[in-house]
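J.: Data: entry_21.txt, compact mmCIF, C-alpha atoms and all ligand atoms.
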# COMPACT_ATOMS: atom_id res chain seq x y z
CA MET A 63 -1.09 -16.30 -8.12
CA ASN A 64 -2.08 -18.87 -5.46
CA ARG A 65 0.35 -17.30 -3.05
CA VAL A 66 -1.80 -14.18 -2.92
CA THR A 67 -5.28 -15.63 -3.42
CA HIS A 68 -4.64 -18.07 -0.57
CA SER A 69 -3.16 -15.35 1.59
CA PRO A 70 -5.18 -13.73 4.39
CA ILE A 71 -4.45 -10.34 2.80
CA THR A 72 -7.09 -11.05 0.12
CA ARG A 73 -10.76 -11.92 0.25
CA ASN A 74 -12.57 -13.03 -2.92
CA GLY A 75 -9.28 -12.20 -4.62
CA ASN A 76 -9.37 -8.55 -3.57
CA ALA A 77 -7.72 -6.52 -0.83
CA LEU A 78 -8.29 -3.51 1.36
CA ILE A 79 -4.95 -2.66 2.91
CA LEU A 80 -4.97 -0.08 5.68
CA ALA A 81 -1.71 1.82 5.14
CA TYR A 82 -0.22 3.37 8.26
CA ASP A 83 3.38 4.17 7.38
CA HIS A 84 2.73 7.90 7.09
CA GLY A 85 4.69 8.77 10.24
CA THR A 86 7.72 7.63 8.25
CA GLU A 87 6.84 8.91 4.80
CA HIS A 88 5.28 12.28 5.67
CA GLY A 89 5.77 12.77 9.41
CA PRO A 90 3.27 13.62 12.16
CA VAL A 91 1.74 16.34 9.96
CA ASP A 92 -0.57 13.65 8.50
CA PHE A 93 -2.06 13.08 11.95
CA GLU A 94 -2.88 16.74 12.59
CA PRO A 95 -6.35 16.61 10.94
CA MET A 96 -7.30 13.79 13.37
CA PRO A 97 -4.87 13.92 16.32
CA LYS A 98 -5.99 10.59 17.77
CA SER A 99 -4.61 8.91 14.64
CA ALA A 100 -1.09 9.58 15.97
CA ASP A 101 -1.80 6.84 18.50
CA PRO A 102 -1.03 3.58 16.67
CA THR A 103 -3.51 1.66 18.80
CA HIS A 104 -6.36 3.85 17.51
CA VAL A 105 -5.53 2.83 13.94
CA PHE A 106 -4.94 -0.80 14.95
CA GLU A 107 -8.52 -0.77 16.30
CA VAL A 108 -9.79 0.62 13.00
CA GLY A 109 -8.04 -2.30 11.30
CA ARG A 110 -10.30 -4.75 13.13
CA HIS A 111 -13.16 -3.78 10.78
CA ASP A 112 -14.17 -6.76 8.60
CA ALA A 113 -13.42 -4.82 5.43
CA VAL A 114 -9.70 -4.57 6.23
CA THR A 115 -7.64 -7.47 4.87
CA ALA A 116 -4.23 -6.17 5.97
CA ILE A 117 -2.54 -3.39 7.89
CA ALA A 118 0.71 -2.05 6.41
CA LEU A 119 3.26 -1.01 9.01
CA GLN A 120 6.92 -0.16 9.28
CA LYS A 121 9.11 -2.45 11.40
CA GLY A 122 8.78 -0.48 14.65
CA THR A 123 5.01 -0.05 14.48
CA ALA A 124 4.74 -3.71 13.47
CA GLU A 125 6.51 -4.66 16.71
CA TYR A 126 4.14 -2.30 18.55
CA TYR A 127 1.22 -4.02 16.81
CA ARG A 128 2.21 -7.52 17.82
CA ASN A 129 2.77 -6.35 21.43
CA TRP A 130 -0.66 -4.67 21.45
CA GLU A 131 -2.28 -7.88 20.27
CA THR A 132 -0.50 -9.92 22.93
CA GLU A 133 -1.09 -7.52 25.80
CA HIS A 134 -4.79 -7.13 25.05
CA GLY A 135 -5.49 -10.69 23.95
CA ILE A 136 -6.60 -9.52 20.51
CA ASP A 137 -7.04 -12.27 17.96
CA ASP A 138 -9.03 -10.45 15.28
CA GLY A 139 -6.55 -7.76 14.30
CA ALA A 140 -5.89 -7.28 10.59
CA PRO A 141 -3.26 -9.52 8.93
CA LEU A 142 0.12 -7.81 9.01
CA LEU A 143 1.98 -6.48 5.99
CA VAL A 144 5.46 -5.31 6.94
CA LYS A 145 6.82 -2.47 4.83
CA VAL A 146 10.52 -3.34 4.60
CA ASN A 147 11.69 -0.05 3.10
CA GLY A 148 10.67 3.56 3.54
CA ASN A 149 12.00 7.10 3.65
CA SER A 150 11.29 10.32 5.47
CA ASN A 151 10.57 13.81 4.21
CA LEU A 152 13.45 15.15 6.29
CA ALA A 153 16.45 14.09 4.27
CA LYS A 154 17.92 16.21 1.48
CA ARG A 155 18.55 13.82 -1.42
CA ASP A 156 19.65 14.14 -5.00
CA ASP A 157 16.68 11.98 -6.05
CA TYR A 158 14.08 9.59 -4.64
CA TYR A 159 15.35 6.58 -2.74
CA SER A 160 13.76 4.30 -0.15
CA PRO A 161 16.29 2.33 1.92
CA THR A 162 15.54 -1.13 3.25
CA GLN A 163 15.43 -1.21 7.04
CA CYS A 164 13.87 -4.58 7.78
CA SER A 165 14.85 -7.97 6.43
CA VAL A 166 12.22 -10.38 5.16
CA ALA A 167 13.57 -12.96 7.63
CA TYR A 168 12.96 -10.57 10.55
CA ALA A 169 9.50 -9.65 9.25
CA VAL A 170 8.40 -13.26 8.90
CA GLU A 171 10.25 -14.97 11.75
CA HIS A 172 9.98 -12.26 14.42
CA LEU A 173 6.90 -10.30 13.37
CA ASP A 174 4.90 -13.14 11.83
CA ALA A 175 4.27 -11.04 8.73
CA ASP A 176 1.56 -12.22 6.37
CA ALA A 177 2.95 -10.13 3.53
CA ILE A 178 5.86 -7.88 2.61
CA GLY A 179 5.68 -4.36 1.18
CA PHE A 180 8.37 -2.57 -0.83
CA THR A 181 8.38 0.90 -2.41
CA MET A 182 9.92 1.17 -5.87
CA TYR A 183 10.79 4.58 -7.34
CA ALA A 184 11.44 3.76 -10.99
CA GLY A 185 12.59 6.90 -12.77
CA SER A 186 14.86 8.01 -9.93
CA ILE A 187 18.61 8.07 -10.45
CA HIS A 188 18.63 5.43 -7.70
CA GLU A 189 16.37 3.05 -9.59
CA ASP A 190 19.12 0.50 -10.28
CA ARG A 191 19.97 0.22 -6.59
CA MET A 192 16.33 -0.24 -5.68
CA TRP A 193 15.95 -2.99 -8.28
CA THR A 194 18.81 -4.87 -6.64
CA GLU A 195 17.26 -4.40 -3.21
CA PHE A 196 13.88 -5.53 -4.51
CA ARG A 197 15.49 -8.66 -5.94
CA GLU A 198 16.83 -9.58 -2.51
CA VAL A 199 13.48 -8.90 -0.85
CA GLN A 200 11.43 -10.73 -3.49
CA GLU A 201 13.66 -13.81 -3.47
CA ALA A 202 13.64 -13.98 0.34
CA ALA A 203 9.84 -13.63 0.33
CA ARG A 204 9.63 -16.58 -2.08
CA GLU A 205 11.65 -18.67 0.39
CA TYR A 206 9.01 -17.96 3.05
CA ASP A 207 6.11 -18.13 0.58
CA VAL A 208 4.71 -14.74 1.62
CA PRO A 209 3.30 -12.37 -1.01
CA VAL A 210 5.07 -9.15 -1.96
CA VAL A 211 3.17 -5.92 -2.55
CA MET A 212 5.11 -3.36 -4.57
CA TRP A 213 4.29 0.31 -3.93
CA SER A 214 5.17 1.18 -7.54
CA TYR A 215 5.58 4.94 -7.65
CA PRO A 216 7.60 6.04 -10.70
CA ARG A 217 9.02 9.48 -9.88
CA GLY A 218 12.17 11.52 -9.95
CA THR A 219 14.48 12.93 -12.59
CA GLY A 220 13.67 10.37 -15.27
CA ILE A 221 9.98 11.24 -15.15
CA GLN A 222 10.37 14.99 -14.60
CA GLU A 223 12.79 15.40 -17.50
CA ASN A 224 10.87 13.23 -19.95
CA ASP A 225 8.60 15.41 -22.10
CA ASP A 226 6.47 12.38 -22.96
CA TYR A 227 5.12 12.36 -19.42
CA THR A 228 3.01 14.89 -17.55
CA GLY A 229 3.91 13.60 -14.07
CA GLN A 230 3.50 10.78 -11.57
CA GLU A 231 -0.21 10.34 -12.25
CA ASP A 232 0.09 10.33 -16.04
CA PRO A 233 -1.73 7.08 -17.02
CA ALA A 234 1.26 6.01 -19.14
CA VAL A 235 3.60 6.45 -16.16
CA VAL A 236 1.23 4.60 -13.82
CA ALA A 237 0.86 1.76 -16.34
CA TYR A 238 4.64 1.52 -16.72
CA GLY A 239 5.03 1.33 -12.94
CA ALA A 240 2.40 -1.40 -12.77
CA ARG A 241 4.11 -3.36 -15.52
CA LEU A 242 7.35 -3.22 -13.52
CA GLY A 243 5.51 -4.96 -10.69
CA LEU A 244 4.82 -7.84 -13.05
CA GLU A 245 8.29 -7.85 -14.59
CA LEU A 246 10.15 -7.74 -11.27
CA GLY A 247 8.06 -10.38 -9.52
CA ALA A 248 5.57 -8.63 -7.22
CA ASP A 249 2.37 -10.47 -6.30
CA VAL A 250 0.38 -7.25 -5.98
CA VAL A 251 1.20 -3.83 -7.37
CA LYS A 252 -0.03 -0.66 -5.71
CA CYS A 253 -0.35 2.35 -7.97
CA LYS A 254 -1.40 5.97 -7.85
CA TYR A 255 -4.93 6.52 -9.15
CA PRO A 256 -4.46 7.96 -12.65
CA GLY A 257 -7.64 10.04 -12.45
CA SER A 258 -10.18 7.93 -14.31
CA ARG A 259 -11.48 4.44 -15.01
CA GLU A 260 -9.88 4.67 -18.46
CA GLY A 261 -6.54 5.43 -16.85
CA TRP A 262 -6.82 2.37 -14.62
CA GLN A 263 -7.84 0.31 -17.65
CA GLN A 264 -4.60 1.34 -19.37
CA LEU A 265 -2.75 -0.08 -16.37
CA GLU A 266 -4.78 -3.30 -16.37
CA ASP A 267 -4.09 -3.79 -20.06
CA ALA A 268 -0.37 -3.84 -19.22
CA VAL A 269 -0.25 -6.41 -16.40
CA GLY A 270 -2.15 -9.58 -17.33
CA ASP A 271 -3.64 -11.15 -14.20
CA LEU A 272 -1.34 -9.40 -11.74
CA LYS A 273 -3.27 -8.13 -8.71
CA THR A 274 -3.53 -4.35 -8.65
CA VAL A 275 -4.59 -1.98 -5.88
CA MET A 276 -5.23 1.73 -5.92
CA SER A 277 -3.33 4.05 -3.62
CA GLY A 278 -5.75 6.17 -1.58
CA GLY A 279 -4.20 9.64 -1.91
CA SER A 280 -5.17 12.75 0.00
CA LYS A 281 -8.49 12.93 1.83
CA ARG A 282 -11.65 13.64 -0.13
CA SER A 283 -15.40 13.20 0.42
CA ASP A 284 -16.91 9.74 0.92
CA ASP A 285 -18.67 9.96 -2.44
CA ALA A 286 -15.60 11.10 -4.37
CA PHE A 287 -13.44 8.43 -2.78
CA LEU A 288 -15.96 5.64 -3.34
CA ALA A 289 -16.31 6.69 -6.97
CA ASP A 290 -12.54 6.34 -7.52
CA VAL A 291 -12.46 2.94 -5.82
CA ALA A 292 -15.48 1.73 -7.82
CA ALA A 293 -13.87 2.91 -11.08
CA THR A 294 -10.73 0.97 -10.17
CA ILE A 295 -12.71 -2.21 -9.47
CA ALA A 296 -14.80 -1.77 -12.62
CA ALA A 297 -11.62 -1.55 -14.68
CA GLY A 298 -10.36 -4.84 -13.24
CA GLY A 299 -8.49 -3.60 -10.16
CA ASN A 300 -8.36 -5.66 -7.01
CA GLY A 301 -8.97 -3.09 -4.33
CA LEU A 302 -7.01 -0.44 -2.56
CA ALA A 303 -4.37 0.44 -0.03
CA VAL A 304 -5.56 3.47 1.86
CA GLY A 305 -4.31 5.58 4.71
CA ARG A 306 -5.42 9.19 5.01
CA ASN A 307 -8.92 8.64 3.64
CA ILE A 308 -9.49 6.33 6.60
CA PHE A 309 -7.47 7.56 9.57
CA GLN A 310 -8.09 11.26 8.92
CA ARG A 311 -11.83 10.66 9.48
CA GLU A 312 -13.34 11.13 12.93
CA ASN A 313 -15.21 7.85 12.46
CA PRO A 314 -13.94 5.72 9.55
CA GLU A 315 -16.48 2.95 10.13
CA PRO A 316 -19.28 4.23 7.83
CA LEU A 317 -16.83 4.57 4.92
CA LEU A 318 -15.38 1.10 5.59
CA ASP A 319 -18.96 -0.26 5.69
CA LYS A 320 -19.52 1.20 2.23
CA LEU A 321 -16.17 0.12 0.83
CA GLU A 322 -16.69 -3.52 1.81
CA PRO A 323 -19.41 -4.42 -0.75
CA VAL A 324 -17.79 -2.24 -3.43
CA VAL A 325 -14.39 -3.92 -3.09
CA PHE A 326 -15.37 -7.51 -2.34
CA GLU A 327 -18.75 -7.88 -4.04
CA GLY A 328 -18.31 -5.46 -6.95
CA GLU A 329 -21.39 -3.49 -5.90
CA SER A 330 -22.03 0.00 -7.21
CA PRO A 331 -21.39 2.79 -4.68
CA ASP A 332 -24.92 4.08 -5.44
CA GLY A 333 -26.43 1.01 -3.81
CA VAL A 334 -24.38 0.88 -0.61
P1 LIG A 401 -2.65 7.29 1.33
O1 LIG A 401 -3.90 6.45 1.14
O2 LIG A 401 -2.77 8.15 2.55
O3 LIG A 401 -2.31 8.05 0.08
O4 LIG A 401 -1.47 6.27 1.65
C1 LIG A 401 -0.92 5.46 0.65
C2 LIG A 401 0.58 5.57 0.68
O5 LIG A 401 1.20 4.77 -0.30
C3 LIG A 401 1.19 5.25 2.04
O6 LIG A 401 1.48 3.88 2.19
C4 LIG A 401 2.41 6.12 2.03
O7 LIG A 401 2.75 6.55 3.31
C5 LIG A 401 2.02 7.27 1.21
O8 LIG A 401 0.94 6.90 0.40
C6 LIG A 401 3.18 7.73 0.37
O9 LIG A 401 2.72 8.66 -0.56
P2 LIG A 401 3.71 9.61 -1.31
O10 LIG A 401 5.04 8.91 -1.43
O11 LIG A 401 3.07 9.88 -2.64
O12 LIG A 401 3.81 10.83 -0.48
Re-express the file's structure as structure tokens.
Ligand code: FBP
T.:
Amino acid sequence: MNRVTHSPITRNGNALILAYDHGTEHGPVDFEPMPKSADPTHVFEVGRHDAVTAIALQKGTAEYYRNWETEHGIDDGAPLLVKVNGNSNLAKRDDYYSPTQCSVAYAVEHLDADAIGFTMYAGSIHEDRMWTEFREVQEAAREYDVPVVMWSYPRGTGIQENDDYTGQEDPAVVAYGARLGLELGADVVKCKYPGSREGWQQLEDAVGDLKTVMSGGSKRSDDAFLADVAATIAAGGNGLAVGRNIFQRENPEPLLDKLEPVVFEGESPDGV
């Protein structure tokens, strides 16, 4: 617990992680609504907002980030979370799998990572392999005393073919994914928003004091997005990891200004 509360990726125990691994996960199509977001330095600049407690990057963009800081003498960039696995939309696979392409040692020793991120697809036929890979990542992160954030996204054949579940955002599926974060040793678990405060409560009831953050999802209005974040916090969540709802906006600053008191002070979105 101390590992994450003493980490720069949290403030008052909560986190706002700016996720920018979409070029890997979805491809440049995610940058089309706001073409300047394809330029990593534009998003790095957004990450300098006080509300942002970490920026989540793949290995290559993390190297780019550290170079950008050095070349421009920037000392107030967001703390760095290195996503050590990831997968593209291009491959044809029999089920979901996210290969590891950066070691924890490289992330910490060469990129000065403040935290490690790992995607887990429980429910895929490749779940067992990903558990083994997560074990290696989690144990290496413990050696360096850096927190691990698990992108816990249950999906694949095991979910699709189970009649008890309605899909990836079924509150029972989301809660199971969150519980796996606790069971497998994550310090923070990142989950899909299950559609309501009650859904997030179901997740919280399954994880004890484990830190939980909401995954942003596709872009919606400021009010709709703030309402989902506030519901997450009200149910005991610890913030969010958000990509498209920030970088697909022409000017993300007003939304970040509003998110800051909601996430870190527990204020109602009506008053911000
Ligand atoms: P968004 O806020 O844009 O949803 O980003 C969160 C995130 O987890 C990213 O880190 C990742 O690139 C993406 O969603 C993956 O989403 P999915 O696997 O559901 O397509």
J.: Counting all atoms listed in the file, name the residues that have an atom within 6 Å of an atom of ligand LIG 401 (chain A); the answer should be given as a count of residues only.
T.: 11
J.: Could you give me, as a PyMOL selection string, the residues within 10 Å of range 230-247 of chain A, counting only C-alpha atoms and dropping anything in the same chain fewer than 5 positions from it?
T.: chain A and resi 182-185+193+196-197+200-201+204+209-218+221-222+252-258+260-275
J.: Save the residues we just selected, C-alpha atoms, as a compact mmCIF listing (two decimals), in the coordinates of the input?
T.:
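What landed in part_24.txt:
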# COMPACT_ATOMS: atom_id res chain seq x y z
CA MET A 182 9.92 1.17 -5.87
CA TYR A 183 10.79 4.58 -7.34
CA ALA A 184 11.44 3.76 -10.99
CA GLY A 185 12.59 6.90 -12.77
CA TRP A 193 15.95 -2.99 -8.28
CA PHE A 196 13.88 -5.53 -4.51
CA ARG A 197 15.49 -8.66 -5.94
CA GLN A 200 11.43 -10.73 -3.49
CA GLU A 201 13.66 -13.81 -3.47
CA ARG A 204 9.63 -16.58 -2.08
CA PRO A 209 3.30 -12.37 -1.01
CA VAL A 210 5.07 -9.15 -1.96
CA VAL A 211 3.17 -5.92 -2.55
CA MET A 212 5.11 -3.36 -4.57
CA TRP A 213 4.29 0.31 -3.93
CA SER A 214 5.17 1.18 -7.54
CA TYR A 215 5.58 4.94 -7.65
CA PRO A 216 7.60 6.04 -10.70
CA ARG A 217 9.02 9.48 -9.88
CA GLY A 218 12.17 11.52 -9.95
CA ILE A 221 9.98 11.24 -15.15
CA GLN A 222 10.37 14.99 -14.60
CA LYS A 252 -0.03 -0.66 -5.71
CA CYS A 253 -0.35 2.35 -7.97
CA LYS A 254 -1.40 5.97 -7.85
CA TYR A 255 -4.93 6.52 -9.15
CA PRO A 256 -4.46 7.96 -12.65
CA GLY A 257 -7.64 10.04 -12.45
CA SER A 258 -10.18 7.93 -14.31
CA GLU A 260 -9.88 4.67 -18.46
CA GLY A 261 -6.54 5.43 -16.85
CA TRP A 262 -6.82 2.37 -14.62
CA GLN A 263 -7.84 0.31 -17.65
CA GLN A 264 -4.60 1.34 -19.37
CA LEU A 265 -2.75 -0.08 -16.37
CA GLU A 266 -4.78 -3.30 -16.37
CA ASP A 267 -4.09 -3.79 -20.06
CA ALA A 268 -0.37 -3.84 -19.22
CA VAL A 269 -0.25 -6.41 -16.40
CA GLY A 270 -2.15 -9.58 -17.33
CA ASP A 271 -3.64 -11.15 -14.20
CA LEU A 272 -1.34 -9.40 -11.74
CA LYS A 273 -3.27 -8.13 -8.71
CA THR A 274 -3.53 -4.35 -8.65
CA VAL A 275 -4.59 -1.98 -5.88
J.: Given all atoms listed in the file as the basis, pick out the residue of A:Thr132, A:Asn151, A:Asn76, A:Ser69 nearest to Ile295 in chain A.
T.: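 Among A:Thr132, A:Asn151, A:Asn76, A:Ser69, it is A:Asn76 that comes nearest to Ile295 in chain A.
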J.: Would you mind telling me which residue in A:Lys145, A:Tyr159, A:Ile136, A:Ala293 lies nearest to His188 in chain A when using all atoms listed in the file?
T.: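 Of A:Lys145, A:Tyr159, A:Ile136, A:Ala293, the one nearest His188 in chain A is A:Tyr159, counting all atoms listed in the file.
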J.: Taking (9.7, 5.9, 12.6) in the file's own coordinates, collect the residues within 10 Å, counting all atoms listed in the file, and hand them back as number ranges by chain.
T.: A: 83-87, 89, 120-123, 148-150
J.: In Å, with one decimal, what is the gap from CA of Pro141 in chain A to CA of Asp176 in chain A?
T.: 6.1 Å
J.: Just checking: using only C-alpha atoms, which residue out of A:Arg155, A:Arg73, A:His88, A:His172 ends up closest to Asn300 in chain A?
T.: A:Arg73
J.: From the list A:Glu107, A:Glu223, A:Val325, A:Gly301, which residue is nearest Ile187 in chain A when using only C-alpha atoms?
T.: A:Glu223
J.: Could you check how far CA of Val114 in chain A sits from CA of Cys164 in chain A, in Å to one decimal?
T.: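 Value for the CA of Val114 in chain A-CA of Cys164 in chain A distance: 23.6 Å.
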J.: For each of A:Asp332, A:Phe309, A:Gly75, A:Asp226, take the minimum atom-to-atom distance to Asp101 in chain A, counting all atoms listed in the file, then give the residue where this is smallest.
T.: A:Phe309
J.: Any idea what the distance is between CA of Gln163 in chain A and CA of Ile178 in chain A?
T.: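 Computing the Euclidean distance for CA of Gln163 in chain A and CA of Ile178 in chain A yields 12.5 Å.
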J.: Which of these residues is nearest to Phe93 in chain A, using all atoms listed in the file: A:Ile308, A:Leu152, A:Ala248, A:Leu318?
T.: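 Smallest separation from Phe93 in chain A among the options: A:Ile308.
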